[in-house]
file final-v7.txt (compact mmCIF, C-alpha atoms)
# COMPACT_ATOMS: atom_id res chain seq x y z
CA MET A 862 9.01 -17.65 12.00
CA MET A 863 5.85 -15.98 13.32
CA GLY A 864 6.11 -13.37 10.57
CA LEU A 865 4.50 -15.58 7.91
CA PRO A 866 1.26 -16.47 9.72
CA ALA A 867 0.95 -12.93 11.06
CA SER A 868 1.38 -11.43 7.59
CA ILE A 869 -1.12 -13.85 6.07
CA ALA A 870 -3.61 -12.93 8.80
CA LEU A 871 -2.97 -9.21 8.21
CA THR A 872 -3.42 -9.63 4.47
CA ILE A 873 -6.74 -11.42 4.98
CA MET A 874 -7.93 -8.76 7.43
CA ILE A 875 -7.00 -5.92 5.07
CA GLY A 876 -8.72 -7.76 2.23
CA TYR A 877 -11.90 -8.22 4.23
CA PHE A 878 -11.81 -4.62 5.35
CA PHE A 879 -11.61 -3.50 1.73
CA LEU A 880 -14.27 -5.97 0.64
CA PHE A 881 -16.86 -4.78 3.15
CA GLN A 882 -15.99 -1.08 2.97
CA LYS A 883 -18.48 1.29 1.34
CA LYS A 884 -16.65 2.32 -1.78
CA LYS A 885 -16.67 5.59 -3.65
CA PHE A 886 -15.18 4.09 -6.81
CA SER A 887 -16.37 1.29 -9.04
CA PHE A 888 -14.77 -2.13 -9.35
CA LEU A 889 -13.05 -1.10 -12.57
CA GLU A 890 -11.63 2.09 -11.09
CA ASN A 891 -10.38 0.25 -8.00
CA SER A 892 -8.85 -2.46 -10.18
CA ILE A 893 -6.93 0.03 -12.31
CA VAL A 894 -5.59 1.86 -9.26
CA PHE A 895 -4.68 -1.48 -7.64
CA MET A 896 -2.77 -2.68 -10.71
CA ILE A 897 -0.83 0.56 -11.13
CA LEU A 898 0.04 0.66 -7.43
CA THR A 899 1.20 -2.93 -7.57
CA ILE A 900 3.51 -2.07 -10.45
CA VAL A 901 4.85 0.98 -8.59
CA THR A 902 5.49 -0.87 -5.32
CA THR A 903 7.04 -3.86 -7.04
CA ASN A 904 9.42 -1.68 -9.04
CA TYR A 905 10.32 0.46 -6.03
CA ILE A 906 11.11 -2.47 -3.73
CA THR A 907 13.00 -4.32 -6.46
CA ILE A 908 15.13 -1.32 -7.38
CA MET A 909 15.84 -0.32 -3.78
CA SER A 910 16.74 -3.83 -2.63
CA LEU A 911 18.42 -5.46 -5.62
CA ASN A 912 19.94 -2.57 -7.55
CA LEU A 913 20.67 0.14 -4.98
CA HIS A 914 21.14 -2.18 -1.95
CA LYS A 915 19.35 0.26 0.37
CA PHE A 916 17.78 -2.63 2.24
CA GLU A 917 17.99 -6.40 2.13
CA THR A 918 15.14 -8.85 2.07
CA THR A 919 15.34 -12.10 3.98
CA LYS A 920 17.03 -15.14 2.48
CA ASN A 921 14.73 -17.48 4.43
CA PRO A 922 12.48 -19.17 1.84
CA PHE A 923 9.56 -19.42 4.29
CA LEU A 924 9.67 -15.76 5.23
CA PHE A 925 10.35 -14.53 1.71
CA ILE A 926 6.65 -15.03 0.87
CA VAL A 927 5.93 -12.08 3.16
CA VAL A 928 7.76 -9.66 0.80
CA PRO A 929 5.44 -10.30 -2.19
CA LEU A 930 2.43 -10.24 0.14
CA TYR A 931 3.55 -6.86 1.44
CA ARG A 932 4.41 -5.22 -1.86
CA ASP A 933 1.76 -6.78 -4.11
CA ILE A 934 -1.29 -7.02 -1.83
CA MET A 935 -1.00 -5.22 1.51
CA ILE A 936 0.26 -1.82 0.34
CA PRO A 937 -2.08 -1.48 -2.69
CA LEU A 938 -5.10 -2.66 -0.66
CA LEU A 939 -4.37 -0.23 2.17
CA VAL A 940 -4.01 2.59 -0.34
CA LEU A 941 -7.34 1.59 -1.93
CA VAL A 942 -9.05 1.58 1.45
CA PHE A 943 -7.56 5.02 2.07
CA THR A 944 -8.61 6.49 -1.28
CA ASN A 945 -12.16 5.17 -1.00
CA ALA A 946 -12.49 6.49 2.55
CA PHE A 947 -10.85 9.80 1.60
CA PHE A 948 -13.16 10.52 -1.33
CA LYS A 949 -16.24 9.19 0.49
CA THR A 950 -16.08 11.95 3.10
CA ALA A 951 -16.19 15.69 2.47
CA GLU A 952 -14.95 16.97 5.84
CA LYS A 953 -11.37 18.26 5.83
CA LEU A 954 -10.60 17.18 9.38
CA ALA A 955 -11.80 13.64 8.68
CA ARG A 956 -9.66 13.52 5.53
CA ILE A 957 -6.59 14.63 7.46
CA LEU A 958 -7.26 12.03 10.14
CA TYR A 959 -7.70 9.35 7.48
CA GLY A 960 -4.40 10.35 5.95
CA LEU A 961 -2.52 10.27 9.25
CA SER A 962 -4.07 6.99 10.36
CA PHE A 963 -3.35 5.24 7.09
CA LEU A 964 0.20 6.61 7.04
CA ALA A 965 0.60 5.16 10.52
CA ALA A 966 -0.85 1.84 9.32
CA VAL A 967 1.53 1.60 6.38
CA ASN A 968 4.46 2.58 8.60
CA SER A 969 3.47 -0.07 11.13
CA LEU A 970 3.59 -2.64 8.33
CA GLU A 971 7.12 -1.43 7.59
CA TYR A 972 8.02 -1.80 11.26
CA PHE A 973 6.40 -5.27 11.20
CA LEU A 974 8.82 -6.30 8.42
CA ILE A 975 11.80 -5.01 10.36
CA PHE A 976 10.65 -6.58 13.64
CA PHE A 977 10.34 -10.06 12.11
CA LYS A 978 13.67 -9.61 10.27
CA ILE A 979 12.06 -9.86 6.85
CA VAL A 980 13.68 -6.59 5.80
CA LYS A 981 16.98 -5.23 7.06
CA TYR A 982 17.94 -1.62 6.41
CA THR A 983 21.53 -1.25 5.24
CA HIS A 984 21.68 2.30 3.82
CA TRP A 985 18.12 3.32 4.54
CA ASN A 986 16.18 4.66 7.51
CA PHE A 987 12.64 4.82 8.79
CA LEU A 988 12.22 8.46 7.75
CA GLY A 989 12.91 7.56 4.12
CA ALA A 990 10.41 4.73 4.36
CA THR A 991 7.82 7.12 5.81
CA ILE A 992 8.32 9.52 2.91
CA VAL A 993 7.91 6.67 0.42
CA ASN A 994 4.77 5.46 2.21
CA LEU A 995 3.35 8.98 2.07
CA ALA A 996 4.16 8.99 -1.65
CA TYR A 997 2.18 5.74 -2.03
CA LEU A 998 -0.86 7.37 -0.45
CA LEU A 999 -0.54 10.50 -2.60
CA ILE A 1000 -0.03 8.43 -5.76
CA GLY A 1001 -3.16 6.48 -4.87
CA LEU A 1002 -5.15 9.69 -4.44
CA GLY A 1003 -3.89 11.06 -7.74
CA LEU A 1004 -4.55 7.84 -9.62
CA ALA A 1005 -8.05 7.54 -8.19
CA ARG A 1006 -8.88 11.09 -9.20
CA ILE A 1007 -7.48 10.61 -12.72
CA VAL A 1008 -9.27 7.29 -13.26
CA ASN A 1009 -12.52 8.78 -11.94
CA GLU A 1010 -12.26 11.75 -14.33
CA VAL A 1011 -11.54 9.46 -17.28
CA GLN A 1012 -14.54 7.32 -16.34
CA LYS A 1013 -16.81 10.39 -16.10
CA ARG A 1014 -15.65 11.69 -19.49
CA SER A 1015 -16.12 8.32 -21.18
CA ASN A 1016 -19.64 8.05 -19.72
CA ALA A 1017 -20.47 11.59 -20.86
CA LYS A 1018 -19.44 10.82 -24.47
CA ALA A 1019 -21.43 7.59 -24.59

call {"tool": "encode", "arguments": {"input": "final-v7.txt", "output": "structure tokens"}}
result
Amino acid sequence: MMGLPASIALTIMIGYFFLFQKKKFSFLENSIVFMILTIVTTNYITIMSLNLHKFETTKNPFLFIVVPLYRDIMIPLLVLVFTNAFFKTAEKLARILYGLSFLAAVNSLEYFLIFFKIVKYTHWNFLGATIVNLAYLLIGLGLARIVNEVQKRSNAKA
């Protein structure tokens, strides 16, 4: 039962971290990336849990709130923090360290869900989850770059 207050506290901390972070991208660019990532994570978790039965989410109505918090807020916000930090710095070593640390952070959220029995793997493993979490980070980087280029081109034409 400690999973719900802990996840709410984590969500608030991630939100504050993003709010006070020096951002490379504008509010509009961050919003577009956030919305697309939310759609991607929601579809992925829904397909993997309900259609393919790779993992099961909890049936506890109090703990089930953690699943939407995780897929709709925590993952997209962490990816936004990562993309803003990644594009803010120019050093390759710092970018690699950002990537590894944020991959570890997203994987620790996955472990958090398993530890509090919010998610139970049936035909899935932690390596597959790590690959998917890495894909989230790479999708976030790609989306941020695309949205930034579109914004630059629209400003150049105006």

call {"tool": "closest_residue", "arguments": {"input": "final-v7.txt", "among": "A:Arg1006, A:Arg932, A:Lys978, A:Lys884", "to": "Tyr905 (chain A)", "atoms": "only C-alpha atoms"}}
result
A:Arg932

call {"tool": "residues_around", "arguments": {"input": "final-v7.txt", "residues": "Asn945 (chain A)", "least_positions_apart": "6", "cutoff": "8 Å", "atoms": "all atoms listed in the file", "output": "list in words"}}
result
Lys883, Lys884, Lys885 and Phe886 of chain A

call {"tool": "residues_around", "arguments": {"input": "final-v7.txt", "residues": "Ile873 (chain A)", "least_positions_apart": "5", "cutoff": "10 Å", "atoms": "all atoms listed in the file", "output": "ChimeraX atom specification"}}
result
/A:867-868,878-879,934-935

call {"tool": "write_last_selection", "arguments": {"input": "final-v7.txt", "atoms": "C-alpha atoms", "output": "short mmCIF file (atom, residue, chain, number, x, y, z; two decimals), in the frame of the given file"}}
result
data_model
loop_
_atom_site.label_atom_id
_atom_site.label_comp_id
_atom_site.auth_asym_id
_atom_site.auth_seq_id
_atom_site.Cartn_x
_atom_site.Cartn_y
_atom_site.Cartn_z
CA ALA A 867 0.95 -12.93 11.06
CA SER A 868 1.38 -11.43 7.59
CA PHE A 878 -11.81 -4.62 5.35
CA PHE A 879 -11.61 -3.50 1.73
CA ILE A 934 -1.29 -7.02 -1.83
CA MET A 935 -1.00 -5.22 1.51
#

call {"tool": "closest_residue", "arguments": {"input": "final-v7.txt", "among": "A:Leu941, A:Leu964, A:Ile975, A:Ile1007", "to": "Gly876 (chain A)", "atoms": "all atoms listed in the file"}}
result
A:Leu941

call {"tool": "closest_residue", "arguments": {"input": "final-v7.txt", "among": "A:Ser1015, A:Ser969, A:Thr899, A:Asn986", "to": "Val940 (chain A)", "atoms": "only C-alpha atoms"}}
result
A:Thr899

call {"tool": "atom_distance", "arguments": {"input": "final-v7.txt", "atom1": "CA of Leu970 (chain A)", "atom2": "CA of Ala870 (chain A)"}}
result
12.6 Å

call {"tool": "axis_aligned_box", "arguments": {"input": "final-v7.txt", "around": "region 992-1004 of chain A", "padding_each_side": "6 Å", "output": "lines of an AutoDock Vina configuration file"}}
result
center_x = 1.6
center_y = 8.3
center_z = -3.4
size_x = 25.5
size_y = 17.6
size_z = 24.5

call {"tool": "residues_around", "arguments": {"input": "final-v7.txt", "residues": "Phe973 (chain A)", "least_positions_apart": "6", "cutoff": "12 Å", "atoms": "all atoms listed in the file", "output": "MDAnalysis selection string"}}
result
chainID A and resid 863:865 867:868 871 927:928 931 965:967 979:981

call {"tool": "closest_residue", "arguments": {"input": "final-v7.txt", "among": "A:Leu913, A:Met874, A:Ile936, A:Ala946", "to": "Leu995 (chain A)", "atoms": "all atoms listed in the file"}}
result
A:Ile936

call {"tool": "closest_residue", "arguments": {"input": "final-v7.txt", "among": "A:Leu924, A:Ala990, A:Leu954, A:Leu911", "to": "Pro866 (chain A)", "atoms": "all atoms listed in the file"}}
result
A:Leu924

call {"tool": "closest_residue", "arguments": {"input": "final-v7.txt", "among": "A:Leu958, A:Ala1005, A:Ala951, A:Leu898", "to": "Pro937 (chain A)", "atoms": "all atoms listed in the file"}}
result
A:Leu898

call {"tool": "atom_distance", "arguments": {"input": "final-v7.txt", "atom1": "CA of Ile926 (chain A)", "atom2": "CA of Ile906 (chain A)"}}
result
14.1 Å

call {"tool": "atom_distance", "arguments": {"input": "final-v7.txt", "atom1": "CA of Leu889 (chain A)", "atom2": "CA of Val901 (chain A)"}}
result
18.5 Å

call {"tool": "residues_around", "arguments": {"input": "final-v7.txt", "residues": "Gly989 (chain A)", "least_positions_apart": "4", "cutoff": "12 Å", "atoms": "all atoms listed in the file", "output": "tab-separated table (two decimals) with C-alpha atoms, keeping the file's coordinate frame"}}
result
chain	number	residue	atom	x	y	z
A	909	MET	CA	15.84	-0.32	-3.78
A	915	LYS	CA	19.35	0.26	0.37
A	916	PHE	CA	17.78	-2.63	2.24
A	968	ASN	CA	4.46	2.58	8.60
A	971	GLU	CA	7.12	-1.43	7.59
A	982	TYR	CA	17.94	-1.62	6.41
A	984	HIS	CA	21.68	2.30	3.82
A	985	TRP	CA	18.12	3.32	4.54
A	993	VAL	CA	7.91	6.67	0.42
A	994	ASN	CA	4.77	5.46	2.21
A	995	LEU	CA	3.35	8.98	2.07
A	996	ALA	CA	4.16	8.99	-1.65
